[in-house]
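Encoded as structure tokens, the structure appears first; notes follow it.
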Amino acid sequence: MTQISSAAREFRRRVADEAAFLETCDGGDAGSPARPSIWLMGIEPGWSLSDEKRAVSEGASARLRQYPIDLQLGWRFNQNAFKLLAALDGQSPDEYRTFAKRAQPFVAGSTGYFKGNLFPEPFHKVKVWDAEAVEATGFSTKAEYQAWMRGTRFPVFKNWLKSCRPRLFIGVGSTFLFDFLHVTETQESPEEHRFEVNGHTKRVFVASGGLAPVAVIPHLSGGSNGLNGNLSIQRAAEHIRSKFEL
């Protein structure tokens, strides 16, 4: 058997432990069938070197667990997430700061919104699998890591979805569409909706019939085909609202 680091053993134990699922997510309220929440799920956390410096300078482990709005507003992804959630709530994306301060999405102890990722470990480099990643996970390639996560984390994910029954599951990152459909046990082919903003095509996929209504959207942090502006976020939200009762 290949030897792996103690950090990798702990990583694998935590991912496989259904009771530790909430610890592997960013925060918020997972909800319940009686009081369902909206789940916003990305692919994997972004964690830059500047984030690390800020975390160290602020002694941020406790602060990250609390996930306060002022911390979240420092990240473009979260800003755009707030814009999307505001638009789904019938407000303008321009009002995202007011919405965030009122609704407190993803903050510890808040209700109504939950945030996490398919693959919970953050890495500095999304496309490069380096020695640090090998040490942290025990896998020599990202493909091996993701395959193990699909076999180990995804069943845990499904059990939590079965228990919580979100009123909407938003998957962020259409290149992982089939993973989002898989964890929500969505059997039907999703309906694709295309629209253009400034000459760039955006695609939104919606489906129901699984563990929760599903909307899979482009990434929220940038790219010409992503939801990278208020108009594209507004139009995506309008389409989702037209398909599901929110």
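Note on naming: chains are A, B, ... as they come in the structure tokens, residues start from 1 per chain, ligands start from 1 in the order shown.
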Give me the residues of segment 34-118 of chain A that have any atom at most 12 Å from an atom of segment 147-163 of chain A; for each, the nearest atom pair and the distance in Å, rounded to one decimal. Use only C-alpha atoms, sort by chain and number, and format it as CSV.
residue,atom,partner,partner_atom,distance
A:Ala34,CA,A:Ser163,CA,10.7
A:Arg35,CA,A:Ser163,CA,11.6
A:Pro36,CA,A:Ser163,CA,10.3
A:Ser37,CA,A:Leu161,CA,10.9
A:Ile38,CA,A:Leu161,CA,11.3
A:Trp39,CA,A:Leu161,CA,9.6
A:Met41,CA,A:Phe157,CA,11.1
A:Ile43,CA,A:Met149,CA,11.8
A:Glu44,CA,A:Met149,CA,11.7
A:Phe114,CA,A:Leu161,CA,11.7
A:Gly116,CA,A:Phe157,CA,10.6
A:Asn117,CA,A:Phe157,CA,10.1
A:Leu118,CA,A:Phe154,CA,7.8
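For segment 16-190 of chain A, backbone-based DSSP labels the following residues as strand (DSSP E or B): Gly27, Gly28, Ile38, Trp39, Leu40, Met41, Gly42, Gly46, Tyr113, Phe114, Lys115, Gly116, Asn117, Phe123, Leu168, Phe169, Ile170, Gly171 and Val172 of chain A.
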Tell me which of A:Gly31, A:Phe99, A:Lys142, A:Gly46 sits closest to Trp75 of chain A, counting only C-alpha atoms.
A:Gly46
For Arg76 of chain A: contacts at 7 Å, only C-alpha atoms, fewer than 3 positions along chain excluded, given as a PyMOL selection string
chain A and resi 79-80+221
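Put simply, atom CA of Pro218 of chain A is 18.7 Å away from atom CA of Thr186 of chain A.
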Pick out the closest residue to Leu73 of chain A from this set: A:Ile4, A:Ile233, A:Ala133, A:Val107. Count only C-alpha atoms.
A:Val107
